[in-house]
There are 2 protein chains.
Amino acid sequence: MAGMNLVGPEADALDLGAVFRALADEHRRSVMTELAADRSDSERGCNSFNLPISKQTQTHHFRVLREAGLIDEIDYGNRKGIRLRRADIEKRFPGLLTLLGAESPGGTAPR
Amino acid sequence: MAGMNLVGPEADALDLGAVFRALADEHRRSVMTELAADRSDSERGCNSFNLPISKQTQTHHFRVLREAGLIDEIDYGNRKGIRLRRADIEKRFPGLLTLLGAESPGGTAPR
DNA sequence: CTTGAGGTACGATGCAAGTCGTACCTGAAG
DNA sequence: CTTCAGGTACGACTTGCATCGTACCTCAAG
């Protein structure tokens, strides 16, 4: 069966240290910036981020983001979906996604 | 002469990556949490944080915080003062200090 | 079935970072 | 002056982490 057998911590269990450690890496932060900028929160593929690293390293980074509670990974067997846990993050760390969105080229800021 | 010959980046030059890397360390984050919780922003001594590490390592951590633009270090020669750059941080990354303050035992939350 | 793309597991490697020991500097107290 | 506490500089050590190579798994398309 498909979907979300890869689970991160509960919303209330999100640790600020783990979040900062996750966001300390440039590649992971760019992923989060892209996700935060997309207000539709649609599910995305792993290779839709165009990360200049090998797929093994990508697996590592997405795992860190999931274990920090920032994203969900939906397992389809030979494929994987990425979805931002916007509601949980906003509940536990309000303003964090806005901070990330402000770093986006387009920005979250309304023009 | 005394005071602030140890300088960090300008307010506009604060880098989110450097900030997250600085806050990724538990000791540095505890310092920032204490500073963020004190709304008076009074200057504090280095050893007023009771960090369970050697003084050489403390020097290292305060340097990282300063180079990330989060604090000012005021040099008195044989003594050093620490002051939170609240205004600059709020200007560049609004909400970040609130995030840290929420992790404080007392909290930034009004009673 | 076979093939191939997407992903993971495990291990190795290289580099960045946290930590401390030793030595030295600075200024206040005596 | 000497003494001493606070801080720094330099170096060494150790741990953590980002990265990739190899091998294997999963599923969809032929």
# chains A, B, ... in the order shown; residues from 1 in each chain; ligands from 1
$ interface_residues --of "chain D" --to "chain A" --cutoff "10 Å" --atoms "only C-alpha atoms (C1' of nucleotides)" --output "mmCIF file with C-alpha atoms (C1' of nucleotides), in the first residue's frame"
data_model
loop_
_atom_site.group_PDB
_atom_site.id
_atom_site.type_symbol
_atom_site.label_atom_id
_atom_site.label_comp_id
_atom_site.auth_asym_id
_atom_site.auth_seq_id
_atom_site.Cartn_x
_atom_site.Cartn_y
_atom_site.Cartn_z
ATOM 1 C "C1'" DA D 18 28.073 15.834 3.891
ATOM 2 C "C1'" DT D 19 29.393 13.238 0.080
ATOM 3 C "C1'" DC D 20 29.793 9.411 -2.927
ATOM 4 C "C1'" DC D 25 15.310 -3.225 -3.794
ATOM 5 C "C1'" DT D 26 10.619 -1.769 -6.030
ATOM 6 C "C1'" DC D 27 7.604 -1.064 -9.476
ATOM 7 C "C1'" DA D 28 6.031 0.168 -14.150
#
$ residues_around --residues "DA23 of chain D" --least-positions-apart "4" --cutoff "12 Å" --atoms "only C-alpha atoms (C1' of nucleotides)" --output "list of chain:residue names"
C:DT8, C:DA9, C:DC10, C:DG11
$ write_last_selection --atoms "N, CA and C atoms (P, O5', C5', C4', C3', O3' and C1' of nucleotides)" --output "short mmCIF file (atom, residue, chain, number, x, y, z; two decimals), in the first residue's frame"
data_model
loop_
_atom_site.label_atom_id
_atom_site.label_comp_id
_atom_site.auth_asym_id
_atom_site.auth_seq_id
_atom_site.Cartn_x
_atom_site.Cartn_y
_atom_site.Cartn_z
P DT C 8 14.51 7.11 -0.55
"O5'" DT C 8 15.25 5.75 -0.10
"C5'" DT C 8 14.48 4.57 0.06
"C4'" DT C 8 15.40 3.40 0.41
"C3'" DT C 8 16.29 3.64 1.64
"O3'" DT C 8 16.12 2.58 2.55
"C1'" DT C 8 17.57 2.88 -0.21
P DA C 9 16.75 2.61 4.00
"O5'" DA C 9 18.06 1.70 3.86
"C5'" DA C 9 17.96 0.41 3.28
"C4'" DA C 9 19.28 -0.35 3.41
"C3'" DA C 9 20.13 0.04 4.62
"O3'" DA C 9 20.75 -1.13 5.15
"C1'" DA C 9 21.35 0.48 2.64
P DC C 10 21.47 -1.13 6.60
"O5'" DC C 10 23.01 -1.12 6.21
"C5'" DC C 10 23.51 -2.07 5.27
"C4'" DC C 10 24.91 -1.69 4.83
"C3'" DC C 10 25.79 -1.12 5.94
"O3'" DC C 10 26.93 -1.94 6.14
"C1'" DC C 10 25.96 0.17 3.95
P DG C 11 27.98 -1.64 7.32
"O5'" DG C 11 29.23 -1.07 6.51
"C5'" DG C 11 29.58 -1.65 5.26
"C4'" DG C 11 30.55 -0.76 4.52
"C3'" DG C 11 31.61 -0.09 5.39
"O3'" DG C 11 32.90 -0.27 4.83
"C1'" DG C 11 30.50 1.54 4.08
#
$ closest_atom_pairs --of "chain A" --to "chain B" --cutoff "10 Å" --atoms "only C-alpha atoms" --output "JSON lines"
{"residue": "A:Asp15", "atom": "CA", "partner": "B:Glu103", "partner_atom": "CA", "distance": 9.7}
{"residue": "A:Leu16", "atom": "CA", "partner": "B:Glu103", "partner_atom": "CA", "distance": 8.1}
{"residue": "A:Gly17", "atom": "CA", "partner": "B:Ala24", "partner_atom": "CA", "distance": 5.9}
{"residue": "A:Ala18", "atom": "CA", "partner": "B:Ala24", "partner_atom": "CA", "distance": 7.6}
{"residue": "A:Val19", "atom": "CA", "partner": "B:Ala24", "partner_atom": "CA", "distance": 8.1}
{"residue": "A:Phe20", "atom": "CA", "partner": "B:Ala24", "partner_atom": "CA", "distance": 4.9}
{"residue": "A:Arg21", "atom": "CA", "partner": "B:Ala24", "partner_atom": "CA", "distance": 4.7}
{"residue": "A:Ala22", "atom": "CA", "partner": "B:Ala24", "partner_atom": "CA", "distance": 8.3}
{"residue": "A:Leu23", "atom": "CA", "partner": "B:Phe20", "partner_atom": "CA", "distance": 6.3}
{"residue": "A:Ala24", "atom": "CA", "partner": "B:Arg21", "partner_atom": "CA", "distance": 4.7}
{"residue": "A:Asp25", "atom": "CA", "partner": "B:Gly17", "partner_atom": "CA", "distance": 7.5}
{"residue": "A:Glu26", "atom": "CA", "partner": "B:Gly17", "partner_atom": "CA", "distance": 7.0}
{"residue": "A:Arg29", "atom": "CA", "partner": "B:Gly17", "partner_atom": "CA", "distance": 8.1}
{"residue": "A:Arg92", "atom": "CA", "partner": "B:Leu99", "partner_atom": "CA", "distance": 9.2}
{"residue": "A:Phe93", "atom": "CA", "partner": "B:Leu99", "partner_atom": "CA", "distance": 6.3}
{"residue": "A:Pro94", "atom": "CA", "partner": "B:Leu99", "partner_atom": "CA", "distance": 7.4}
{"residue": "A:Gly95", "atom": "CA", "partner": "B:Gly95", "partner_atom": "CA", "distance": 5.8}
{"residue": "A:Leu96", "atom": "CA", "partner": "B:Leu96", "partner_atom": "CA", "distance": 7.3}
{"residue": "A:Thr98", "atom": "CA", "partner": "B:Gly95", "partner_atom": "CA", "distance": 8.8}
{"residue": "A:Leu99", "atom": "CA", "partner": "B:Phe93", "partner_atom": "CA", "distance": 6.3}
{"residue": "A:Leu100", "atom": "CA", "partner": "B:Leu16", "partner_atom": "CA", "distance": 8.5}
{"residue": "A:Ala102", "atom": "CA", "partner": "B:Phe93", "partner_atom": "CA", "distance": 8.8}
{"residue": "A:Glu103", "atom": "CA", "partner": "B:Leu16", "partner_atom": "CA", "distance": 8.1}
$ interface_residues --of "chain C" --to "chain B" --cutoff "12 Å" --atoms "only C-alpha atoms (C1' of nucleotides)" --output "VMD selection string"
chain C and resid 16 to 22 25 to 28
$ select_by_dssp --residues "chain B" --states "helix (DSSP H, G or I)" --output "MDAnalysis selection string"
chainID B and resid 11:13 16:23 26:37 46:49 55:67 86:92 96:101
$ write_last_selection --atoms "C-alpha atoms" --output "PDB file, in the first residue's frame"
ATOM      1  CA  ALA B  11      22.323  44.506   9.877  1.00  0.00           C
ATOM      2  CA  ASP B  12      21.550  44.160   6.171  1.00  0.00           C
ATOM      3  CA  ALA B  13      24.349  41.647   5.692  1.00  0.00           C
ATOM      4  CA  LEU B  16      20.267  33.241   7.359  1.00  0.00           C
ATOM      5  CA  GLY B  17      22.597  30.299   6.817  1.00  0.00           C
ATOM      6  CA  ALA B  18      25.146  31.623   9.283  1.00  0.00           C
ATOM      7  CA  VAL B  19      22.363  32.322  11.765  1.00  0.00           C
ATOM      8  CA  PHE B  20      20.974  28.795  11.516  1.00  0.00           C
ATOM      9  CA  ARG B  21      24.445  27.317  11.788  1.00  0.00           C
ATOM     10  CA  ALA B  22      25.059  29.415  14.886  1.00  0.00           C
ATOM     11  CA  LEU B  23      21.771  28.366  16.445  1.00  0.00           C
ATOM     12  CA  GLU B  26      22.962  23.640  21.909  1.00  0.00           C
ATOM     13  CA  HIS B  27      25.208  25.894  23.978  1.00  0.00           C
ATOM     14  CA  ARG B  28      24.956  28.832  21.628  1.00  0.00           C
ATOM     15  CA  ARG B  29      21.202  28.393  21.415  1.00  0.00           C
ATOM     16  CA  SER B  30      20.881  28.436  25.202  1.00  0.00           C
ATOM     17  CA  VAL B  31      22.796  31.709  25.282  1.00  0.00           C
ATOM     18  CA  MET B  32      20.530  33.196  22.645  1.00  0.00           C
ATOM     19  CA  THR B  33      17.443  31.893  24.426  1.00  0.00           C
ATOM     20  CA  GLU B  34      18.488  33.642  27.624  1.00  0.00           C
ATOM     21  CA  LEU B  35      19.278  36.834  25.801  1.00  0.00           C
ATOM     22  CA  ALA B  36      16.014  36.773  23.888  1.00  0.00           C
ATOM     23  CA  ALA B  37      14.030  36.227  27.077  1.00  0.00           C
ATOM     24  CA  CYS B  46      30.438  36.022  29.609  1.00  0.00           C
ATOM     25  CA  ASN B  47      30.285  33.786  32.652  1.00  0.00           C
ATOM     26  CA  SER B  48      26.749  34.790  33.585  1.00  0.00           C
ATOM     27  CA  PHE B  49      25.423  31.977  31.404  1.00  0.00           C
ATOM     28  CA  LYS B  55      36.566  29.190  28.796  1.00  0.00           C
ATOM     29  CA  GLN B  56      38.451  28.592  25.527  1.00  0.00           C
ATOM     30  CA  THR B  57      35.370  26.926  24.097  1.00  0.00           C
ATOM     31  CA  GLN B  58      33.201  29.776  25.371  1.00  0.00           C
ATOM     32  CA  THR B  59      35.424  32.216  23.515  1.00  0.00           C
ATOM     33  CA  HIS B  60      34.856  30.148  20.390  1.00  0.00           C
ATOM     34  CA  HIS B  61      31.058  30.102  20.756  1.00  0.00           C
ATOM     35  CA  PHE B  62      30.743  33.821  21.434  1.00  0.00           C
ATOM     36  CA  ARG B  63      32.888  34.473  18.394  1.00  0.00           C
ATOM     37  CA  VAL B  64      30.553  32.404  16.221  1.00  0.00           C
ATOM     38  CA  LEU B  65      27.540  34.282  17.573  1.00  0.00           C
ATOM     39  CA  ARG B  66      29.223  37.604  16.897  1.00  0.00           C
ATOM     40  CA  GLU B  67      30.293  36.659  13.377  1.00  0.00           C
ATOM     41  CA  ARG B  86      17.797  42.697  19.042  1.00  0.00           C
ATOM     42  CA  ALA B  87      16.962  45.585  16.722  1.00  0.00           C
ATOM     43  CA  ASP B  88      19.131  44.335  13.873  1.00  0.00           C
ATOM     44  CA  ILE B  89      17.842  40.783  14.193  1.00  0.00           C
ATOM     45  CA  GLU B  90      14.227  41.924  14.309  1.00  0.00           C
ATOM     46  CA  LYS B  91      14.780  44.097  11.267  1.00  0.00           C
ATOM     47  CA  ARG B  92      16.347  41.352   9.189  1.00  0.00           C
ATOM     48  CA  LEU B  96      13.255  34.809  15.071  1.00  0.00           C
ATOM     49  CA  LEU B  97      13.775  36.049  18.623  1.00  0.00           C
ATOM     50  CA  THR B  98      10.180  35.243  19.467  1.00  0.00           C
ATOM     51  CA  LEU B  99      10.863  31.705  18.326  1.00  0.00           C
ATOM     52  CA  LEU B 100      13.834  31.496  20.662  1.00  0.00           C
ATOM     53  CA  GLY B 101      12.014  33.187  23.508  1.00  0.00           C
TER      54      GLY B 101
END
$ residues_around --residues "Glu43 of chain B" --least-positions-apart "3" --cutoff "10 Å" --atoms "only C-alpha atoms (C1' of nucleotides)" --output "PyMOL selection string"
chain B and resi 35+40+46+72-74+80-84
$ select_by_dssp --residues "segment 50-94 of chain A" --states "strand (DSSP E)" --output "MDAnalysis selection string"
chainID A and resid 71:75 80:84
$ atom_distance --atom1 "atom CA of Ser42 of chain A" --atom2 "atom C1' of DA29 of chain D"
26.7 Å
